[in-house]
Each structure stands twice: as structure tokens, then as C-alpha cells.
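**Student:** Next up, protein.tsv (TSV, C-alpha atoms and all ligand atoms).
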```tsv
chain	number	residue	atom	x	y	z
A	14	MET	CA	125.42	99.87	120.63
A	15	ALA	CA	121.98	101.30	119.74
A	16	ALA	CA	122.33	99.86	116.24
A	17	ILE	CA	122.24	96.29	117.54
A	18	LEU	CA	119.38	96.61	119.99
A	19	ASN	CA	116.67	95.76	117.48
A	20	PRO	CA	115.76	92.06	117.07
A	21	ARG	CA	117.40	91.78	113.66
A	22	GLY	CA	120.62	93.51	114.71
A	23	LEU	CA	120.85	91.44	117.89
A	24	ALA	CA	120.31	88.21	115.96
A	25	ASP	CA	123.02	89.11	113.46
A	26	ARG	CA	125.39	90.03	116.25
A	27	ALA	CA	124.70	86.80	118.18
A	28	LYS	CA	125.45	84.78	115.05
A	29	ALA	CA	128.63	86.69	114.26
A	30	LEU	CA	129.87	86.17	117.81
A	31	ALA	CA	129.01	82.46	117.66
A	32	ARG	CA	131.24	82.06	114.62
A	33	ASP	CA	133.88	84.19	116.26
A	34	VAL	CA	134.08	81.92	119.32
A	35	GLY	CA	134.52	78.89	117.07
A	36	PHE	CA	131.17	77.38	116.14
A	37	ASP	CA	130.73	76.08	112.59
A	38	LEU	CA	126.97	76.66	112.40
A	39	VAL	CA	124.56	78.93	114.20
A	40	GLY	CA	120.88	79.70	113.85
A	41	ILE	CA	118.05	81.14	115.88
A	42	ALA	CA	114.71	79.60	116.78
A	43	ARG	CA	111.79	80.97	118.71
A	44	ALA	CA	111.42	79.44	122.16
A	45	ASP	CA	107.85	78.37	121.29
A	46	ALA	CA	107.75	74.62	120.91
A	47	PRO	CA	108.78	73.65	117.33
A	48	PRO	CA	106.16	71.50	115.55
A	49	GLU	CA	108.34	68.36	115.83
A	50	LEU	CA	108.02	68.43	119.60
A	51	SER	CA	104.41	67.26	119.36
A	52	PHE	CA	105.88	63.89	118.28
A	53	PHE	CA	108.13	63.64	121.32
A	54	ALA	CA	105.48	62.50	123.81
A	55	GLU	CA	104.13	60.04	121.25
A	56	TRP	CA	107.62	58.62	120.62
A	57	ILE	CA	108.09	58.11	124.36
A	58	SER	CA	104.64	56.56	124.76
A	59	ARG	CA	105.52	53.96	122.09
A	60	GLY	CA	108.44	52.85	124.27
A	61	HIS	CA	111.04	53.94	121.71
A	62	ALA	CA	113.09	55.74	124.39
A	63	GLY	CA	113.76	52.50	126.31
A	64	GLN	CA	115.46	53.07	129.65
A	65	MET	CA	116.43	56.68	128.99
A	66	ALA	CA	114.81	57.89	132.17
A	67	TYR	CA	116.16	61.39	131.70
A	68	LEU	CA	113.83	61.60	128.68
A	69	THR	CA	110.83	59.67	129.93
A	70	SER	CA	110.68	61.35	133.33
A	71	GLN	CA	110.51	64.85	131.87
A	72	VAL	CA	108.12	64.50	128.94
A	73	GLU	CA	106.17	67.62	129.81
A	74	ARG	CA	109.24	69.74	130.56
A	75	ARG	CA	110.94	68.57	127.40
A	76	SER	CA	107.83	68.95	125.24
A	77	ASP	CA	107.93	72.71	125.69
A	78	LEU	CA	111.00	74.59	126.77
A	79	ARG	CA	108.86	77.35	128.28
A	80	THR	CA	107.56	74.96	130.93
A	81	ALA	CA	111.01	75.13	132.52
A	82	PHE	CA	111.82	78.69	131.43
A	83	PRO	CA	108.69	80.84	131.17
A	84	TRP	CA	110.94	83.81	130.39
A	85	ALA	CA	112.48	82.18	127.29
A	86	ARG	CA	111.93	84.01	124.00
A	87	SER	CA	114.68	82.74	121.69
A	88	VAL	CA	117.12	79.87	121.35
A	89	VAL	CA	120.56	80.45	119.82
A	90	SER	CA	121.41	77.04	118.44
A	91	VAL	CA	125.03	76.20	117.56
A	92	ALA	CA	126.91	73.29	116.02
A	93	LEU	CA	130.53	72.21	115.99
A	94	GLN	CA	131.88	69.77	113.44
A	95	TYR	CA	133.69	66.71	114.79
A	96	ASP	CA	134.60	64.52	111.84
A	97	THR	CA	138.31	64.07	111.29
A	98	PRO	CA	139.84	62.34	108.27
A	99	HIS	CA	139.72	58.70	109.31
A	100	ALA	CA	138.16	55.51	107.98
A	101	TYR	CA	134.47	54.72	108.05
A	102	SER	CA	133.17	52.15	110.52
A	103	THR	CA	132.37	49.86	107.62
A	104	GLN	CA	136.10	49.78	106.80
A	105	ALA	CA	137.25	48.70	110.29
A	106	PRO	CA	139.50	45.62	110.31
A	107	PRO	CA	137.52	42.52	111.29
A	108	GLU	CA	139.49	41.75	114.45
A	109	ARG	CA	138.82	45.16	115.93
A	110	GLY	CA	135.90	46.88	117.59
A	111	TRP	CA	134.28	50.23	116.89
A	112	ILE	CA	133.81	53.36	118.97
A	113	ALA	CA	131.56	56.03	117.46
A	114	ARG	CA	133.69	58.81	116.08
A	115	TYR	CA	132.07	61.48	118.25
A	116	ALA	CA	133.72	59.77	121.24
A	117	TRP	CA	137.27	59.48	119.89
A	118	GLY	CA	138.65	62.68	121.33
A	119	ASP	CA	138.02	65.24	124.04
A	120	ASP	CA	134.70	65.46	125.80
A	121	TYR	CA	132.66	67.83	123.64
A	122	HIS	CA	130.43	68.94	126.53
A	123	ASP	CA	133.29	70.93	128.06
A	124	VAL	CA	134.34	72.45	124.74
A	125	LEU	CA	130.88	73.56	123.61
A	126	LYS	CA	129.73	74.77	127.03
A	127	ALA	CA	132.78	76.99	127.46
A	128	ARG	CA	132.24	78.52	124.01
A	129	LEU	CA	128.52	79.06	124.62
A	130	ASP	CA	129.26	80.82	127.91
A	131	THR	CA	131.79	83.04	126.14
A	132	LEU	CA	129.25	83.81	123.44
A	133	VAL	CA	126.64	84.86	126.04
A	134	GLU	CA	129.16	86.98	127.97
A	135	ARG	CA	130.31	88.78	124.86
A	136	LEU	CA	126.74	89.44	123.73
A	137	GLN	CA	125.90	90.79	127.20
A	138	VAL	CA	128.80	93.22	126.93
A	139	GLU	CA	127.39	94.53	123.67
A	140	ALA	CA	123.65	94.32	124.31
A	141	GLY	CA	123.40	94.83	128.06
A	142	PRO	CA	122.20	92.29	130.63
A	143	PHE	CA	119.77	89.53	129.60
A	144	ARG	CA	118.81	86.10	130.93
A	145	ALA	CA	120.42	83.06	129.36
A	146	ARG	CA	121.06	79.37	130.06
A	147	SER	CA	123.49	77.31	128.00
A	148	TYR	CA	123.09	73.59	127.41
A	149	VAL	CA	125.00	70.83	125.70
A	150	ASP	CA	123.16	67.52	125.69
A	151	THR	CA	121.56	68.30	129.05
A	152	GLY	CA	118.68	70.24	130.46
A	153	PRO	CA	115.00	70.18	129.61
A	154	ILE	CA	115.39	70.74	125.89
A	155	VAL	CA	115.02	68.53	122.82
A	156	GLU	CA	117.94	70.20	121.17
A	157	ARG	CA	117.62	68.66	117.72
A	158	ALA	CA	114.09	70.03	117.36
A	159	TYR	CA	115.21	73.57	118.15
A	160	ALA	CA	118.31	73.19	115.97
A	161	ALA	CA	116.11	72.08	113.07
A	162	ALA	CA	113.82	75.04	113.61
A	163	ALA	CA	116.90	77.30	113.67
A	164	GLY	CA	118.06	76.06	110.26
A	165	ILE	CA	121.13	74.22	111.58
A	166	GLY	CA	120.12	71.11	109.67
A	167	ALA	CA	117.19	69.34	108.03
A	168	TRP	CA	115.85	66.16	109.62
A	169	GLY	CA	117.39	63.10	108.00
A	170	LYS	CA	115.55	59.80	107.73
A	171	ASN	CA	118.13	58.50	110.24
A	172	THR	CA	116.81	61.20	112.67
A	173	CYS	CA	120.11	63.11	112.58
A	174	LEU	CA	120.21	66.67	111.31
A	175	LEU	CA	121.77	67.11	107.87
A	176	HIS	CA	123.55	70.17	106.57
A	177	PRO	CA	124.44	70.49	102.88
A	178	GLU	CA	128.11	71.30	103.64
A	179	HIS	CA	128.65	69.76	107.06
A	180	GLY	CA	126.72	66.51	106.74
A	181	SER	CA	125.62	65.27	110.15
A	182	TRP	CA	128.94	64.95	112.00
A	183	PHE	CA	128.42	67.83	114.41
A	184	PHE	CA	127.70	68.41	118.07
A	185	LEU	CA	124.81	70.62	119.12
A	186	GLY	CA	124.46	73.13	121.90
A	187	GLU	CA	122.18	76.05	122.62
A	188	ALA	CA	121.73	79.19	124.64
A	189	VAL	CA	118.15	79.83	125.76
A	190	THR	CA	117.60	83.57	126.15
A	191	ASP	CA	114.94	86.12	126.99
A	192	LEU	CA	116.10	88.20	124.03
A	193	ASP	CA	113.71	88.79	121.20
A	194	LEU	CA	115.78	87.65	118.22
A	195	VAL	CA	114.65	87.32	114.61
A	196	PRO	CA	114.49	83.55	113.93
A	197	ASP	CA	116.03	81.75	110.96
A	198	ALA	CA	114.14	79.55	108.53
A	199	PRO	CA	114.41	75.73	108.65
A	200	LEU	CA	116.36	74.05	105.82
A	201	PRO	CA	114.45	72.17	103.11
A	202	ASP	CA	114.45	68.36	103.04
A	203	LEU	CA	117.79	66.87	101.94
A	204	CYS	CA	116.92	63.15	101.84
A	205	GLY	CA	114.71	63.05	98.77
A	206	SER	CA	114.23	59.46	97.66
A	207	CYS	CA	117.41	58.18	99.40
A	208	THR	CA	116.93	55.33	101.88
A	209	ALA	CA	120.59	54.34	102.41
A	210	CYS	CA	120.48	54.69	106.20
A	211	LEU	CA	117.27	52.66	106.56
A	212	GLU	CA	118.79	49.85	104.51
A	213	ALA	CA	122.16	49.94	106.29
A	214	CYS	CA	120.97	49.88	109.90
A	215	PRO	CA	121.91	46.37	111.04
A	216	THR	CA	119.32	46.09	113.80
A	217	GLY	CA	116.11	47.50	112.33
A	218	ALA	CA	116.31	50.52	114.60
A	219	LEU	CA	115.01	52.74	111.80
A	220	PRO	CA	111.64	51.04	111.15
A	221	ALA	CA	110.42	53.95	109.04
A	222	PRO	CA	111.85	57.21	107.73
A	223	TYR	CA	112.45	59.70	110.54
A	224	VAL	CA	111.61	57.13	113.26
A	225	LEU	CA	114.28	55.76	115.60
A	226	ASP	CA	113.42	52.83	117.86
A	227	ALA	CA	116.14	53.45	120.45
A	228	THR	CA	115.55	50.07	122.07
A	229	ARG	CA	117.02	48.43	118.93
A	230	CYS	CA	119.72	51.01	118.32
A	231	ILE	CA	123.33	50.01	118.97
A	232	SER	CA	124.11	53.48	120.30
A	233	TYR	CA	121.42	53.18	122.92
A	234	LEU	CA	122.25	49.59	123.82
A	235	THR	CA	126.01	50.14	124.17
A	236	ILE	CA	125.81	53.47	126.01
A	237	GLU	CA	122.46	53.97	127.71
A	238	VAL	CA	121.65	50.46	129.00
A	239	LYS	CA	123.41	50.18	132.32
A	240	GLY	CA	123.04	46.53	133.35
A	241	ALA	CA	122.66	43.35	131.34
A	242	LEU	CA	121.91	43.68	127.65
A	243	PRO	CA	118.81	41.83	126.40
A	244	GLU	CA	120.10	38.52	125.04
A	245	GLU	CA	118.10	38.82	121.85
A	246	ARG	CA	119.91	42.08	121.05
A	247	ARG	CA	123.49	41.00	121.70
A	248	GLN	CA	124.34	39.49	118.31
A	249	GLY	CA	123.05	42.62	116.60
A	250	LEU	CA	125.74	44.72	118.26
A	251	GLY	CA	128.41	43.18	116.06
A	252	ARG	CA	131.76	44.55	117.21
A	253	HIS	CA	130.46	47.94	118.37
A	254	VAL	CA	131.66	48.74	121.88
A	255	PHE	CA	130.49	52.35	122.24
A	256	GLY	CA	127.94	53.83	119.86
A	257	CYS	CA	127.42	53.21	116.17
A	258	ASP	CA	128.17	55.30	113.07
A	259	ILE	CA	126.66	53.16	110.34
A	260	CYS	CA	123.59	55.22	109.46
A	261	GLN	CA	125.75	58.34	109.25
A	262	ASP	CA	128.67	56.65	107.47
A	263	VAL	CA	126.45	55.66	104.56
A	264	CYS	CA	124.78	59.04	104.24
A	265	PRO	CA	125.76	60.74	100.99
A	266	TRP	CA	125.83	64.11	102.74
A	267	ASN	CA	128.66	62.85	104.94
A	268	ARG	CA	130.49	61.14	102.09
A	269	LYS	CA	130.66	64.43	100.23
A	270	ARG	CA	131.46	66.59	103.26
A	271	LYS	CA	133.88	69.48	102.78
A	272	HIS	CA	134.84	70.42	106.30
A	273	GLU	CA	136.95	68.65	108.88
A	274	GLY	CA	136.55	68.78	112.65
A	275	GLU	CA	139.11	70.14	115.09
A	276	ALA	CA	142.06	67.90	115.89
A	277	ARG	CA	140.91	67.64	119.53
A	278	PHE	CA	138.03	65.45	118.29
A	279	GLY	CA	140.32	63.13	116.37
A	280	PRO	CA	141.08	59.70	117.81
A	281	ARG	CA	143.20	59.37	120.91
A	282	PRO	CA	145.78	56.62	120.39
A	283	GLY	CA	144.08	53.30	119.77
A	284	LEU	CA	140.47	54.55	119.81
A	285	ALA	CA	139.73	54.40	116.08
A	286	ALA	CA	138.84	50.73	115.56
A	287	PRO	CA	140.26	49.73	118.96
A	288	ASP	CA	141.95	46.43	119.73
A	289	LEU	CA	139.32	44.44	121.62
A	290	THR	CA	141.91	42.38	123.51
A	291	GLU	CA	143.56	45.51	124.81
A	292	LEU	CA	140.23	46.99	125.97
A	293	ALA	CA	139.39	43.68	127.67
A	294	GLY	CA	142.52	44.09	129.81
A	295	LEU	CA	141.52	47.44	131.35
A	296	ASP	CA	141.07	47.39	135.10
A	297	GLU	CA	139.24	50.21	136.90
A	298	THR	CA	142.34	52.38	137.22
A	299	ALA	CA	143.43	51.87	133.63
A	300	PHE	CA	139.89	52.59	132.40
A	301	ARG	CA	139.80	55.89	134.29
A	302	GLU	CA	143.24	56.86	132.98
A	303	ARG	CA	142.43	55.92	129.41
A	304	PHE	CA	139.07	57.71	129.24
A	305	ARG	CA	139.68	60.76	131.39
A	306	ARG	CA	137.80	63.69	129.79
A	307	SER	CA	136.49	61.38	127.08
A	308	PRO	CA	132.81	60.73	126.24
A	309	VAL	CA	133.52	56.99	126.67
A	310	LYS	CA	133.73	57.36	130.45
A	311	ARG	CA	129.92	57.60	130.39
A	312	ALA	CA	129.75	53.82	129.86
A	313	LYS	CA	131.94	53.21	132.92
A	314	ARG	CA	134.25	50.19	132.94
A	315	ARG	CA	131.31	47.86	133.51
A	316	GLY	CA	129.48	49.02	130.38
A	317	LEU	CA	132.52	49.12	128.13
A	318	LEU	CA	133.85	45.70	129.11
A	319	ARG	CA	130.37	44.21	128.90
A	320	ASN	CA	130.26	45.49	125.29
A	321	VAL	CA	133.80	44.28	124.62
A	322	ALA	CA	132.80	40.79	125.78
A	323	VAL	CA	129.81	40.81	123.42
A	324	ALA	CA	131.97	42.09	120.56
A	325	LEU	CA	134.51	39.31	121.14
A	326	GLY	CA	131.67	36.78	121.13
A	327	ASN	CA	130.44	38.21	117.83
A	328	SER	CA	133.92	38.26	116.29
A	329	GLY	CA	133.85	34.58	115.40
A	330	ASP	CA	137.52	34.48	116.41
A	331	ALA	CA	138.04	31.38	118.57
A	332	SER	CA	141.53	32.58	119.50
A	333	LYS	CA	139.83	35.12	121.78
A	334	ARG	CA	138.54	32.40	124.10
A	335	THR	CA	141.41	32.94	126.53
A	336	VAL	CA	140.58	36.64	126.78
A	337	LEU	CA	136.94	35.82	127.38
A	338	GLU	CA	137.74	33.14	129.97
A	339	ARG	CA	139.60	35.78	131.93
A	340	LEU	CA	136.64	38.19	131.61
A	341	ALA	CA	134.25	35.42	132.70
A	342	ASP	CA	135.94	35.54	136.11
A	343	ASP	CA	135.77	39.34	136.31
A	344	ALA	CA	134.77	40.74	139.70
A	345	ASP	CA	131.93	42.60	137.97
A	346	PRO	CA	129.04	40.13	137.56
A	347	VAL	CA	127.66	41.91	134.50
A	348	VAL	CA	131.00	41.64	132.69
A	349	GLY	CA	131.35	38.00	133.77
A	350	GLU	CA	127.88	37.01	132.55
A	351	HIS	CA	128.39	38.63	129.14
A	352	ALA	CA	131.79	36.94	128.78
A	353	ARG	CA	130.17	33.55	129.47
A	354	TRP	CA	127.52	34.33	126.84
A	355	ALA	CA	130.31	35.28	124.41
A	356	LEU	CA	132.17	32.03	125.04
A	357	LYS	CA	129.03	30.13	124.05
A	358	GLN	CA	128.89	32.11	120.80
A	359	LEU	CA	132.42	31.02	119.97
A	360	GLY	CA	131.42	27.39	120.54
A	401	LIG	S1	123.19	54.24	115.12
A	401	LIG	FE1	123.45	52.18	114.21
A	401	LIG	S2	121.89	50.90	115.19
A	401	LIG	FE2	121.34	53.05	115.59
A	401	LIG	S3	119.93	53.59	113.96
A	401	LIG	FE3	121.97	54.15	113.23
A	401	LIG	S4	122.72	52.35	112.11
A	401	LIG	FE4	120.97	51.71	113.32
A	402	LIG	S1	121.32	58.24	104.18
A	402	LIG	FE1	119.90	59.16	102.72
A	402	LIG	S2	117.88	58.95	103.70
A	402	LIG	FE2	119.43	58.62	105.30
A	402	LIG	S3	119.71	60.61	106.25
A	402	LIG	FE3	121.26	60.46	104.61
A	402	LIG	S4	120.28	61.37	102.79
A	402	LIG	FE4	118.66	60.96	104.29
```
Translate the structure described by the file into C-alpha cells.
**Tutor:**
Amino acid sequence: MAAILNPRGLADRAKALARDVGFDLVGIARADAPPELSFFAEWISRGHAGQMAYLTSQVERRSDLRTAFPWARSVVSVALQYDTPHAYSTQAPPERGWIARYAWGDDYHDVLKARLDTLVERLQVEAGPFRARSYVDTGPIVERAYAAAAGIGAWGKNTCLLHPEHGSWFFLGEAVTDLDLVPDAPLPDLCGSCTACLEACPTGALPAPYVLDATRCISYLTIEVKGALPEERRQGLGRHVFGCDICQDVCPWNRKRKHEGEARFGPRPGLAAPDLTELAGLDETAFRERFRRSPVKRAKRRGLLRNVAVALGNSGDASKRTVLERLADDADPVVGEHARWALKQLG
């Protein structure tokens, strides 16, 4: 026990336990605000966060973790791979839609949170009591900034984190602790002169390297926007119905990846390049059944069918008019309005 009570021994033990409970990557950052966080408030002030109120309403809290947790000393940052061996979005058949691969399987929040809690409990058994809070995608923390500081991945020009072996297909989580742990070093830049993601983004959501304009991003539009989509953005969605993988699909670090994600993150039946007509037929009950414990439930039926209507309108397939005419009469006015827009696209 005494051997692990120094900051180096504790850090090594925390990382060994993280791997033991099933994480693919782990690193440690100081709880002091990483340098990238100084850009966060500026990014928000430029309007790049759009309607993501959970970001814009907590700029100060999110700009420095210690505002929320004055006791915080270290962040144990973890990552779990989710790519499974299936086609790229750019290879999807033309009559089908696209759901981002992170949302194909089980809800990652539950999986990562349970493992983080186990990690903390096991470290407490070995090191004695300490304060800790675990987060996955929630809480007052800009998790990518801490993960970058912890050496989990280097910032890519598409604003994802890149790892030389794991690419960018991984979920992030973190345990904020009052332990004094020796931090890891950030990874060096991995992009070099590559600009593949900037060139591939279909909507201009990457106006410059390392800058994401969320208001143009298909992921933001299909998941975060809750009501009507801006008309001028609808054609740009193509056939995406939940998220977008393009700027990660084209990344050479993902094309050469060596590791595969757990089967639980592989596609549930019909979710890899889903049949748009089938999704259009989901009523509230069927939607809940189909997306129970799935990240897609975040969009709710309204959001998903709104996106399906837009995707059908962008498909250029006039045989889908009947499907859209049915959606145009949907009890949900948002779905109905988007279906009428889609019918106009099909002429
Ligand atoms: S997720 Fe899609 S829309 Fe968003 S930046 Fe990447 S390629 Fe562009
Ligand atoms: S596609 Fe190229 S520029 Fe974009 S994140 Fe990957 S390596 Fe970096």
C-alpha cells in the first residue's frame, strides 16, 4: 500500500486499473485549465456553439473545472474504442440513410460510467478514501481539452482527438479527483500537412484547421437542433439522419487503425445505413422500442423523423413521394413541415 501513495505510484496504479476495467486508453491531466480552454469562451462568443445551451450557459464553469470543483487536483481521462468492422459512410448505398457509427449500438454513457465508477472504487480500496466525480459527456468539463492534455490524443484539424493506433473512433470519460497524480505529456501533432477532413466536410463546418462551426455541422443539426431545421441547411444534410462520420471516415489515422471496438458498439439490426422508408414508419411506441438504451433516443421521434424526411427529400428518389405524403400528415407539426419541404425537393 505505502508503495503506491506517492504521486507517481498512484498515477501508475490508476492507469493500470483503468486498463484492467476495460478502457483502451488512459492518461492523467492536471485539473488546472489546459491551454486550449482559453479558446472555449471565444468559440462560444463567435456563435459556433449554436443552440447548445448546455455549453453556452456554463461558459465560466466549463472554462475552468476548478470553478465547479475547487478541490480538484487531477483528471484521470479514459477512452474506449467503438469502431467495429463495417463500411464507411461514404460507401453507404444511395437509397439508404446514415447514422453515425458511435450511435449504432448500446448507449456508451452507461458503459463508460459504470467502468469509471469501478475504477474509482478499486483505487479507493488501494489508496484510501479520496474525492472523485466521474463524467461521460456531461458535467462542467470540456472533456476533449483534458483528454488532449492527458495524452489520450492529439487535436486533429477536424477537432477530434487522434491517437496513432486508435484513430479517433473512441468515447471519452473522466474521473475528476483530489489526488495529486503525476500528469502525462500531450501527444505531438499527427495531422502534418494533411487537409483531408477540411476538404471532405460537405457543409463547410470546418472553416479552418482546428475550428468547428457547429451551426453548419451535420452532427449538430441532426442531433442538437430540437425544432425546425434552418431551410438553408437542409440540403447540406444529404441522407444523414443522426450524426455524421465523414471527417473521421476520411482521416488516414482511422483508415489505418489496428484495433476494433467491442461488439456491443456494433450496429443493431438495420442501423448501419438504415432503410429510410422503414425509419419513416416508426410511431412513438416503435421508436421507443427500437432505440431503447441507444444514443439515437436523444433525437426523440420528432428529431429522427424530421431528419428522415429531409434525407428522403435529398435522395432524389421520386418513388419515396408516397412515404413523404404520409409523413406530411404526421401528427407532429415539425415532421409534417419537413416532409412537405422534402416533397418540394422531389418536384
Ligand atoms: S461531422 Fe460532418 S458536417 Fe460535421 S464537421 Fe465533420 S464532416 Fe463536417
Ligand atoms: S483527416 Fe488529416 S487533417 Fe483531418 S484530422 Fe485526420 S490527419 Fe488531421
**Student:** Throw together the list of residues within 10 Å of ligand LIG 401 (chain A), counting all atoms listed in the file, and drop it here as number ranges by chain.
**Tutor:** A: 113, 170-173, 210-220, 224-235, 249-250, 253, 256-263
**Student:** Could you please take those selected residues and save C-alpha atoms as a PDB file, keeping the file's coordinate frame?
**Tutor:**
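Below is the file part17.pdb, written as the result:
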```pdb
ATOM      1  CA  ALA A 113     131.560  56.030 117.460  1.00  0.00           C
ATOM      2  CA  LYS A 170     115.550  59.800 107.730  1.00  0.00           C
ATOM      3  CA  ASN A 171     118.130  58.500 110.240  1.00  0.00           C
ATOM      4  CA  THR A 172     116.810  61.200 112.670  1.00  0.00           C
ATOM      5  CA  CYS A 173     120.110  63.110 112.580  1.00  0.00           C
ATOM      6  CA  CYS A 210     120.480  54.690 106.200  1.00  0.00           C
ATOM      7  CA  LEU A 211     117.270  52.660 106.560  1.00  0.00           C
ATOM      8  CA  GLU A 212     118.790  49.850 104.510  1.00  0.00           C
ATOM      9  CA  ALA A 213     122.160  49.940 106.290  1.00  0.00           C
ATOM     10  CA  CYS A 214     120.970  49.880 109.900  1.00  0.00           C
ATOM     11  CA  PRO A 215     121.910  46.370 111.040  1.00  0.00           C
ATOM     12  CA  THR A 216     119.320  46.090 113.800  1.00  0.00           C
ATOM     13  CA  GLY A 217     116.110  47.500 112.330  1.00  0.00           C
ATOM     14  CA  ALA A 218     116.310  50.520 114.600  1.00  0.00           C
ATOM     15  CA  LEU A 219     115.010  52.740 111.800  1.00  0.00           C
ATOM     16  CA  PRO A 220     111.640  51.040 111.150  1.00  0.00           C
ATOM     17  CA  VAL A 224     111.610  57.130 113.260  1.00  0.00           C
ATOM     18  CA  LEU A 225     114.280  55.760 115.600  1.00  0.00           C
ATOM     19  CA  ASP A 226     113.420  52.830 117.860  1.00  0.00           C
ATOM     20  CA  ALA A 227     116.140  53.450 120.450  1.00  0.00           C
ATOM     21  CA  THR A 228     115.550  50.070 122.070  1.00  0.00           C
ATOM     22  CA  ARG A 229     117.020  48.430 118.930  1.00  0.00           C
ATOM     23  CA  CYS A 230     119.720  51.010 118.320  1.00  0.00           C
ATOM     24  CA  ILE A 231     123.330  50.010 118.970  1.00  0.00           C
ATOM     25  CA  SER A 232     124.110  53.480 120.300  1.00  0.00           C
ATOM     26  CA  TYR A 233     121.420  53.180 122.920  1.00  0.00           C
ATOM     27  CA  LEU A 234     122.250  49.590 123.820  1.00  0.00           C
ATOM     28  CA  THR A 235     126.010  50.140 124.170  1.00  0.00           C
ATOM     29  CA  GLY A 249     123.050  42.620 116.600  1.00  0.00           C
ATOM     30  CA  LEU A 250     125.740  44.720 118.260  1.00  0.00           C
ATOM     31  CA  HIS A 253     130.460  47.940 118.370  1.00  0.00           C
ATOM     32  CA  GLY A 256     127.940  53.830 119.860  1.00  0.00           C
ATOM     33  CA  CYS A 257     127.420  53.210 116.170  1.00  0.00           C
ATOM     34  CA  ASP A 258     128.170  55.300 113.070  1.00  0.00           C
ATOM     35  CA  ILE A 259     126.660  53.160 110.340  1.00  0.00           C
ATOM     36  CA  CYS A 260     123.590  55.220 109.460  1.00  0.00           C
ATOM     37  CA  GLN A 261     125.750  58.340 109.250  1.00  0.00           C
ATOM     38  CA  ASP A 262     128.670  56.650 107.470  1.00  0.00           C
ATOM     39  CA  VAL A 263     126.450  55.660 104.560  1.00  0.00           C
TER      40      VAL A 263
END
```
**Student:** Please put the answer as lines of an AutoDock Vina configuration file: centre and edge lengths, in Å with one decimal, of a box along x, y and z that encloses all listed atoms of ligand LIG 402 (chain A) plus 6 Å on each side.
**Tutor:**
```
center_x = 119.6
center_y = 59.8
center_z = 104.5
size_x = 15.4
size_y = 15.1
size_z = 15.5
```
**Student:** Of the residues A:Val91, A:Leu359, A:Ile112, A:Cys207, which is the one nearest to Asn327 (chain A), using only C-alpha atoms?
**Tutor:**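 Looking at the shortest contact to Asn327 (chain A), the residue is A:Leu359.
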**Student:** Can you tell me which residues surround Pro308 (chain A) at a distance of at most 9 Å, considering all atoms listed in the file, apart from same-chain residues fewer than 2 positions away, and format the answer as a PyMOL selection string?
**Tutor:** chain A and resi 115-122+304-306+310-312
**Student:** One decimal, Å: what's the distance from CA of Asp193 (chain A) over to CA of Leu129 (chain A), could you say?
**Tutor:**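 Value for the CA of Asp193 (chain A)-CA of Leu129 (chain A) distance: 18.0 Å.
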**Student:** Would you list the contacts of Arg135 (chain A) as a PyMOL selection string, taking every protein, DNA or RNA residue within 12 Å and counting all atoms listed in the file, but skipping same-chain residues closer than 4 positions in sequence?
**Tutor:** chain A and resi 26-31+33-34+128-131+139-143
**Student:** Can you measure CA of Leu136 (chain A) to CA of Arg277 (chain A) for me? One decimal in Å is fine.
**Tutor:**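 Atom-to-atom, CA of Leu136 (chain A) to CA of Arg277 (chain A), that is 26.3 Å.
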**Student:** With distances taken over all atoms listed in the file, which residue among A:Glu273, A:Asp343, A:Glu244, A:Glu237 lies nearest Val309 (chain A)?
**Tutor:** A:Glu237
**Student:** Looking at A:Gly251, A:Pro83, A:Gly22, A:Pro222, which one is nearest to ligand LIG 402 (chain A), with distances taken over only C-alpha atoms and all ligand atoms?
**Tutor:**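 Comparing A:Gly251, A:Pro83, A:Gly22, A:Pro222 against ligand LIG 402 (chain A), the winner is A:Pro222.
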**Student:** Could you state the separation of CA of Glu291 (chain A) and CA of Ser332 (chain A) in Å, given to one decimal place?
**Tutor:**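 It comes out at 14.1 Å.
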**Student:** Find the residues with any atom within 10 Å of (139.8, 37.4, 133.2); use only C-alpha atoms and the coordinates as given in the file, and write the answer as number ranges by chain.
**Tutor:** A: 293-294, 335-344, 348-349, 352
**Student:** For ligand LIG 402 (chain A), which residue among A:Lys269, A:Lys333, A:Arg109, A:Arg319 is the nearest when counting all atoms listed in the file?
**Tutor:**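 Result for the nearest residue to ligand LIG 402 (chain A): A:Lys269.
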**Student:** Is it possible to add all heavy atoms to region 140-144 of chain A and hand it back as a compact mmCIF listing (two decimals), in the coordinates of the input?
**Tutor:**
```txt
# COMPACT_ATOMS: atom_id res chain seq x y z
N ALA A 140 125.09 94.06 124.32
CA ALA A 140 123.65 94.32 124.31
C ALA A 140 123.09 94.69 125.68
O ALA A 140 121.92 95.02 125.80
CB ALA A 140 122.91 93.10 123.77
N GLY A 141 123.90 94.60 126.72
CA GLY A 141 123.40 94.83 128.06
C GLY A 141 122.92 93.52 128.67
O GLY A 141 122.88 92.49 127.99
N PRO A 142 122.54 93.55 129.97
CA PRO A 142 122.20 92.29 130.63
C PRO A 142 120.94 91.63 130.05
O PRO A 142 120.00 92.32 129.66
CB PRO A 142 121.95 92.72 132.09
CG PRO A 142 122.01 94.20 132.11
CD PRO A 142 122.45 94.72 130.79
N PHE A 143 120.97 90.30 129.96
CA PHE A 143 119.77 89.53 129.60
C PHE A 143 119.90 88.16 130.24
O PHE A 143 120.99 87.76 130.67
CB PHE A 143 119.60 89.42 128.08
CG PHE A 143 120.74 88.77 127.35
CD1 PHE A 143 120.83 87.39 127.23
CD2 PHE A 143 121.74 89.55 126.77
CE1 PHE A 143 121.88 86.79 126.55
CE2 PHE A 143 122.80 88.96 126.08
CZ PHE A 143 122.87 87.58 125.98
N ARG A 144 118.79 87.45 130.33
CA ARG A 144 118.81 86.10 130.93
C ARG A 144 119.21 85.09 129.88
O ARG A 144 118.77 85.17 128.72
CB ARG A 144 117.44 85.74 131.49
CG ARG A 144 117.04 86.58 132.68
CD ARG A 144 115.70 86.17 133.21
NE ARG A 144 115.80 85.00 134.09
CZ ARG A 144 114.83 84.59 134.88
NH1 ARG A 144 113.67 85.22 134.89
NH2 ARG A 144 114.99 83.55 135.64
```
